[in-house]
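Below is one structure, written out as structure tokens, with a few remarks after it.
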Amino acid sequence: MTLTKIFKNSLLVLISCLILSACATKKEIASDIKGSMQGDVYTGTDTVEYLAEGVPDRVFFATNESILTTASRETLRAQAAWLRKNSGINVVLEGHADERGTREYNLALGERRANAAKDYLMTYGISSNRITVLSYGKERPVDSGSNPLSWSKNRRSVTVKAN
Amino acid sequence: MIKKIIVLFLILIPMNSFALIEVDITRGNLDPLPIAVSPLSIDEKSKKSFKKVLNKQNIGEEISNIVENNLKTSGLFNPLSKEAFLQAPDIANLKPRFEDWNLIKAQALITGKVSNVNEKLRVEFRLWDVLAAKEMMALAFTTVPSNWRRVGHIISDKIYERLTGEKGYFDTRIIYVAEEGPKTQRIKKLAIMDQDGFNNKFLTLGNELVLTPRFNPTSQMVTYLSYFKNLPRVYLLDIETGTQEVVGDFPGMTFAPRFSPDGKKIIMSLAKDGKSDIYSMDLENRIVEKITNHPSIDTSPSYSPDGKYITFNSDRSGYQQIYIMKSDGSDVKRISFGNGLYGTPVWSPRGDLIAFTKLHKGKFYIGVMRTDGKGERLLTENYYQEAPSWSPNGRVLIFYRETKTNDKGEGFTAKLWSIDLTGYNERQIKTPTDASDPSWSSLLSN
């Protein structure tokens with residue numbers, strides 16, 4: 001299978017996921033798109049929890065990167081909208097890295113990822129004093145597998161209610 | 001007869017140096033020196049009294065076992081089977097019959113005696129050159145009985161030093177992170193043990209995540225990262241008193257701490273607003289200095305032994321690479337140019353080498369390079385390993401290694417390993433739980 005084909009497939013999956021999300025339950029989607037990655041960024045919802053309906057709690061990153069993907073930015077806009085509506089809620093952005101990097105560098109990388117998410121929330125009007133950044137580096141993986149898919153789920157920034 | 005004077009701890013008897021046996025430790029030693037470690041002899045009365053205090057059948061044998069094990073794990077010596085020994089320990093210590101020891105191919109022989117002197121443990125030992133039929137060294141120690149393991153380590157160090165010409169590393173301790181529980185919810189505690197894995201002690205309870213402990217030069221203090229109250233900060237721990245304090249008052253996560261070679265400063269990273277820079281803090285006057293100032297990740301700093309330089313890793317080139325700079329932050333120079341990513345640089349106590357972790361094509365390596373980045377040598381390759389720490393004599397590296405999990409995500413382990421600078425003699429160091437982030441102490445005696 002060529003790369004473009006993989007790309008198209010995952011794009012299709014992504015689109016179908018967006019369409020489905022309107023009507024299907026979380027569980028059904030998860031089984032549909034389990035295992036999907038675009039490049040090496042996780043695009044599934046296997047591990048995703050929701051702050052509210054339609055507001056996923058996490059965004060995913062490419063290896064050694066802290067750049068927000070289109071999907072991540074969409075997730076963060078949904079989070080910003082939800083935070084604007086719930087002005088009493090503060091959040092902790094927990095940044096994580098996969099296990100394929102040295103511990104100390106990964107602590108810094110987790111912080112950088114969570115900050116990328118924080119900056120984006122701030123550009124959508126969320127005050128910095130409602131946001132705390134906490135890096136776990138590679139200390140708290142969600143998936144204990146030793147394979148590219150597991151690692152992609154672990155490279156993440158998770159928005160957690162602080163109160 | 002050599003006259004021995006005994007003070008509380010240690011007395012060195014001067015000896016003449018002839019062209020006796022020497023062990024070359026600069027190359028991989030594939031032909032370890034055959035050595036006979038005769039059990040230390042002990043009189044019945046002393047044996048009984050120590051059995052009562054220490055609950056050991058024969059403390060003389062126990063101490064010689066420590067020596068034997070240390071020499072063996074160094075990879076430089078091949079302790080011979082005691083079953084082949086012809087001479088009784090007490091007689092051998094008076095005057096070895098060199099023909100007998102020659103017969104079993106021993107080139108060096110260790111003999112000695114343990115006795116109870118005023119409720120103190122008195123240990124004397126001698127090192128003999130079998131071929132030259134000469135005594136190479138004779139020493140005696142007197143200490144409290146509970147120190148018996150340390151006596152074994154100190155004897156090992158003296159023998160190592162006499163035969164290799166370099167300081168030993170046996171009377172040392174390792175501080176590390178003990179790990180338990182599933183990979184997604186690891187419980188981590190600070191733990192300390194003797195270099196040979198004995199006397200393991202947990203220093204924290206595991207209520208909060210702790211990482212990367214490192215000794216100060218006197219090995220009495222430890223700096224480490226703790227997630228106490230979910231605020232990841234660098235802490236200082238006094239091992240004797242158990243007192244802990246947070247280092248400085250920083251507006252973000254501080255991590256990757258290490259002491260300066262004089263023990264007066266802690267160097268570390270501060271992560272803030274997506275960048276990590278290197279700072280130092282003077283522990284006396286609490287003055288904080290910002291050493292790097294770059295939008296990249298600068299971390300894992302380590303001083304040169306003279307304190308004039310710092311090596312660290314940075315991704316300012318786009319990827320994680322190793323740099324050196326003057327300790328004020330000037331003259332930053334990249335030194336790693338090989339294929340792959342380079343991290344966790346640690347300056348050797350001898351000053352000539354930097355140990356590192358390298359990631360290349362999905363494999364992790366522990367390696368060393370000269371301080372100008374030339375002469376890279378990879379010592380060991382594995383699925384995952386990192387964080388080398390030098391033995392105080394700069395001849396051995398300790399690091400941790402993690403295993404790949406299976407399809408179900410099971411089978412994860414983290415263990416401590418050591419390897420010689422030569423790339424030979426790779427060994428696992430046994431720990432009661434899984435383990436990571438080892439840091440080697442200085443030599444505790446002398």
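If you're wondering about the labels, chains in the structure tokens are A, B, ... by order shown, residues count from 1 in each chain, ligands from 1 in order shown.
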
Closest pair table for chain A residues within 7 Å of chain B, only C-alpha atoms, as JSON lines:
```
{"residue": "A:Thr102", "atom": "CA", "partner": "B:Glu386", "partner_atom": "CA", "distance": 6.5}
{"residue": "A:Glu104", "atom": "CA", "partner": "B:Ala256", "partner_atom": "CA", "distance": 6.0}
{"residue": "A:Tyr105", "atom": "CA", "partner": "B:Thr299", "partner_atom": "CA", "distance": 6.5}
{"residue": "A:Ala108", "atom": "CA", "partner": "B:Ala271", "partner_atom": "CA", "distance": 6.2}
{"residue": "A:Glu111", "atom": "CA", "partner": "B:Gly274", "partner_atom": "CA", "distance": 5.8}
{"residue": "A:Arg112", "atom": "CA", "partner": "B:Gly274", "partner_atom": "CA", "distance": 3.8}
{"residue": "A:Asn115", "atom": "CA", "partner": "B:Gly274", "partner_atom": "CA", "distance": 5.3}
{"residue": "A:Arg140", "atom": "CA", "partner": "B:Thr184", "partner_atom": "CA", "distance": 5.3}
{"residue": "A:Pro141", "atom": "CA", "partner": "B:Thr184", "partner_atom": "CA", "distance": 5.1}
{"residue": "A:Val142", "atom": "CA", "partner": "B:Thr184", "partner_atom": "CA", "distance": 5.7}
{"residue": "A:Asp143", "atom": "CA", "partner": "B:Thr184", "partner_atom": "CA", "distance": 6.8}
{"residue": "A:Ser144", "atom": "CA", "partner": "B:Gly409", "partner_atom": "CA", "distance": 4.9}
{"residue": "A:Gly145", "atom": "CA", "partner": "B:Gly409", "partner_atom": "CA", "distance": 4.2}
{"residue": "A:Ser146", "atom": "CA", "partner": "B:Thr405", "partner_atom": "CA", "distance": 5.4}
```

Generate the output file for the selected residues, N, CA and C atoms, as a PDB file, in the first residue's frame.
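Resulting contents of selection-v4.pdb:
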```pdb
ATOM      1  N   THR A 102      14.625  10.132  26.062  1.00  0.00           N
ATOM      2  CA  THR A 102      15.243  10.181  27.389  1.00  0.00           C
ATOM      3  C   THR A 102      14.321  10.922  28.357  1.00  0.00           C
ATOM      4  N   GLU A 104      14.511  13.103  30.841  1.00  0.00           N
ATOM      5  CA  GLU A 104      14.545  14.544  31.098  1.00  0.00           C
ATOM      6  C   GLU A 104      14.090  15.339  29.876  1.00  0.00           C
ATOM      7  N   TYR A 105      14.549  14.927  28.704  1.00  0.00           N
ATOM      8  CA  TYR A 105      14.107  15.618  27.500  1.00  0.00           C
ATOM      9  C   TYR A 105      12.591  15.503  27.367  1.00  0.00           C
ATOM     10  N   ALA A 108      10.613  17.979  29.347  1.00  0.00           N
ATOM     11  CA  ALA A 108      10.570  19.275  28.667  1.00  0.00           C
ATOM     12  C   ALA A 108       9.600  19.235  27.487  1.00  0.00           C
ATOM     13  N   GLU A 111       6.031  19.462  28.535  1.00  0.00           N
ATOM     14  CA  GLU A 111       5.715  20.843  28.897  1.00  0.00           C
ATOM     15  C   GLU A 111       5.492  21.677  27.648  1.00  0.00           C
ATOM     16  N   ARG A 112       6.318  21.441  26.640  1.00  0.00           N
ATOM     17  CA  ARG A 112       6.193  22.203  25.399  1.00  0.00           C
ATOM     18  C   ARG A 112       4.857  21.882  24.700  1.00  0.00           C
ATOM     19  N   ASN A 115       2.021  23.460  26.541  1.00  0.00           N
ATOM     20  CA  ASN A 115       2.037  24.900  26.281  1.00  0.00           C
ATOM     21  C   ASN A 115       1.510  25.266  24.908  1.00  0.00           C
ATOM     22  N   ARG A 140       3.446   8.767  32.532  1.00  0.00           N
ATOM     23  CA  ARG A 140       2.060   8.307  32.643  1.00  0.00           C
ATOM     24  C   ARG A 140       1.468   7.966  31.275  1.00  0.00           C
ATOM     25  N   PRO A 141       1.965   6.898  30.654  1.00  0.00           N
ATOM     26  CA  PRO A 141       1.377   6.499  29.363  1.00  0.00           C
ATOM     27  C   PRO A 141      -0.060   6.011  29.571  1.00  0.00           C
ATOM     28  N   VAL A 142      -0.918   6.160  28.558  1.00  0.00           N
ATOM     29  CA  VAL A 142      -2.255   5.555  28.656  1.00  0.00           C
ATOM     30  C   VAL A 142      -2.240   4.160  28.087  1.00  0.00           C
ATOM     31  N   ASP A 143      -1.290   3.919  27.199  1.00  0.00           N
ATOM     32  CA  ASP A 143      -1.218   2.622  26.533  1.00  0.00           C
ATOM     33  C   ASP A 143       0.162   2.043  26.806  1.00  0.00           C
ATOM     34  N   SER A 144       0.225   0.830  27.353  1.00  0.00           N
ATOM     35  CA  SER A 144       1.520   0.276  27.743  1.00  0.00           C
ATOM     36  C   SER A 144       2.190  -0.520  26.621  1.00  0.00           C
ATOM     37  N   GLY A 145       1.643  -0.449  25.431  1.00  0.00           N
ATOM     38  CA  GLY A 145       2.229  -1.175  24.307  1.00  0.00           C
ATOM     39  C   GLY A 145       3.556  -0.587  23.872  1.00  0.00           C
ATOM     40  N   SER A 146       4.362  -1.442  23.220  1.00  0.00           N
ATOM     41  CA  SER A 146       5.649  -0.987  22.672  1.00  0.00           C
ATOM     42  C   SER A 146       5.581  -1.034  21.154  1.00  0.00           C
TER      43      SER A 146
END
```

Identify, on the basis of only C-alpha atoms, every residue whose closest approach to Ile66 (chain B) does not exceed 8 Å; exclude the query and any residue fewer than 2 positions from it along the same chain; express the result as a PyMOL selection string.
chain B and resi 62-64+68-70+149+152-153

Save the residues we just selected, C-alpha atoms, as a compact mmCIF listing (two decimals), in the first residue's frame?
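selection-v4.txt written:
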```
# COMPACT_ATOMS: atom_id res chain seq x y z
CA GLU B 62 31.13 -13.83 54.63
CA ILE B 63 33.66 -11.02 54.28
CA SER B 64 35.82 -13.03 51.89
CA GLU B 68 35.42 -12.47 45.89
CA ASN B 69 32.14 -11.23 44.43
CA ASN B 70 33.44 -7.69 43.95
CA ARG B 149 30.09 -5.46 54.61
CA GLY B 152 34.73 -6.34 52.62
CA HIS B 153 34.29 -3.49 50.13
```

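With only C-alpha atoms as the atoms that count, the residue of A:Ser150, A:Thr123, A:Asn106, A:Ser66 with the shortest distance to Gly44 (chain A) is A:Ser150.
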
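Considering the residues A:Phe60, A:Tyr42, A:Tyr50, A:Tyr136 and counting only C-alpha atoms, Glu99 (chain A) has its shortest atom-to-atom contact with A:Tyr136.
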
Run DSSP on the backbone and give me the residues of region 170-411 of chain B it puts in helix (DSSP H, G or I), as a PDB file with C-alpha atoms, in the first residue's frame.
```
ATOM      1  CA  LYS B 183       3.345   0.751  33.328  1.00  0.00           C
ATOM      2  CA  THR B 184       0.473   3.242  33.132  1.00  0.00           C
ATOM      3  CA  GLN B 185       0.423   3.813  36.908  1.00  0.00           C
ATOM      4  CA  PHE B 228       4.906  16.605  45.602  1.00  0.00           C
ATOM      5  CA  LYS B 229       1.467  18.313  45.490  1.00  0.00           C
ATOM      6  CA  ASN B 230       1.551  17.955  41.697  1.00  0.00           C
TER       7      ASN B 230
END
```

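Considering the residues B:Gly75, B:Gly263, B:Pro301, B:Gly375 and counting only C-alpha atoms, Ile335 (chain B) has its shortest atom-to-atom contact with B:Gly375.
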
Which neighbours of Ser135 (chain A) fall inside 6 Å, counting only C-alpha atoms, when residues of the same chain fewer than 3 positions from it are skipped, and could you give them as a count of residues only?
5

Just asking: which residues within region 118-149 of chain A are strand (DSSP E or B) according to DSSP, as a VMD selection string?
chain A and resid 131 to 137

With C-alpha atoms retained, export the selected residues as a CSV table (one decimal), in the first residue's frame.
```csv
chain,number,residue,atom,x,y,z
A,131,ILE,CA,-4.8,27.3,32.8
A,132,THR,CA,-2.1,25.3,34.6
A,133,VAL,CA,0.5,23.3,32.7
A,134,LEU,CA,1.8,20.1,34.1
A,135,SER,CA,4.2,17.9,32.3
A,136,TYR,CA,4.5,14.2,33.0
A,137,GLY,CA,7.1,13.4,30.3
```

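CA of Arg97 (chain B) is found 22.0 Å from CA of Ala140 (chain B).
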
Which polymer residues have any atom within 7 Å of an atom of Tyr303 (chain B), counting only C-alpha atoms, with same-chain residues fewer than 3 positions away left out, as a ChimeraX atom specification?
/B:260-261,307,309-311,347

Just to confirm, what's the straight-line distance from CA of Asn65 (chain B) to CA of Lys134 (chain B) in Å (one decimal)?
23.5 Å

If we count only C-alpha atoms and set the cut-off at 10 Å, which residues sit around Glu166 (chain B), ignoring sequence neighbours fewer than 5 positions away in its own chain? Please answer as a PyMOL selection string.
chain B and resi 23-25+157-158+160-161+393-395

Would you mind exporting the chosen residues as a short mmCIF file (atom, residue, chain, number, x, y, z; two decimals), in the first residue's frame, restricted to N, CA and C atoms?
```
data_model
loop_
_atom_site.label_atom_id
_atom_site.label_comp_id
_atom_site.auth_asym_id
_atom_site.auth_seq_id
_atom_site.Cartn_x
_atom_site.Cartn_y
_atom_site.Cartn_z
N VAL B 23 47.37 -5.50 36.61
CA VAL B 23 46.23 -5.77 35.75
C VAL B 23 45.96 -4.54 34.91
N ASP B 24 45.94 -4.73 33.60
CA ASP B 24 45.69 -3.61 32.70
C ASP B 24 44.19 -3.44 32.53
N ILE B 25 43.67 -2.27 32.93
CA ILE B 25 42.22 -2.10 32.83
C ILE B 25 41.84 -1.19 31.68
N ASP B 157 38.57 -2.70 47.41
CA ASP B 157 39.13 -1.49 46.81
C ASP B 157 40.65 -1.46 46.90
N LYS B 158 41.17 -1.87 48.07
CA LYS B 158 42.63 -1.86 48.26
C LYS B 158 43.31 -2.84 47.31
N TYR B 160 42.05 -3.98 44.43
CA TYR B 160 41.87 -3.46 43.07
C TYR B 160 42.93 -2.39 42.79
N GLU B 161 43.10 -1.50 43.75
CA GLU B 161 44.05 -0.40 43.56
C GLU B 161 45.48 -0.92 43.46
N ASN B 393 35.74 5.99 39.79
CA ASN B 393 37.05 5.93 39.13
C ASN B 393 36.95 6.08 37.61
N GLY B 394 35.72 6.29 37.11
CA GLY B 394 35.56 6.55 35.68
C GLY B 394 35.80 5.34 34.79
N ARG B 395 35.67 4.14 35.34
CA ARG B 395 35.92 2.93 34.55
C ARG B 395 34.65 2.15 34.21
#
```

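Distance annotation: of A:Pro56, A:Thr63, A:Tyr120, A:Arg103, the residue with the minimal separation from Tyr400 (chain B) is A:Arg103; atom set is only C-alpha atoms.
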
Tell me which of B:Val396, B:Leu378, B:Val210, B:Val247 sits closest to Glu139 (chain A), counting only C-alpha atoms.
B:Val210

Met122 (chain A) surroundings by only C-alpha atoms, 12 Å radius, close-in-sequence under 3 positions cut, as a ChimeraX atom specification:
/A:76-77,79-81,83-84,115-119,125-131
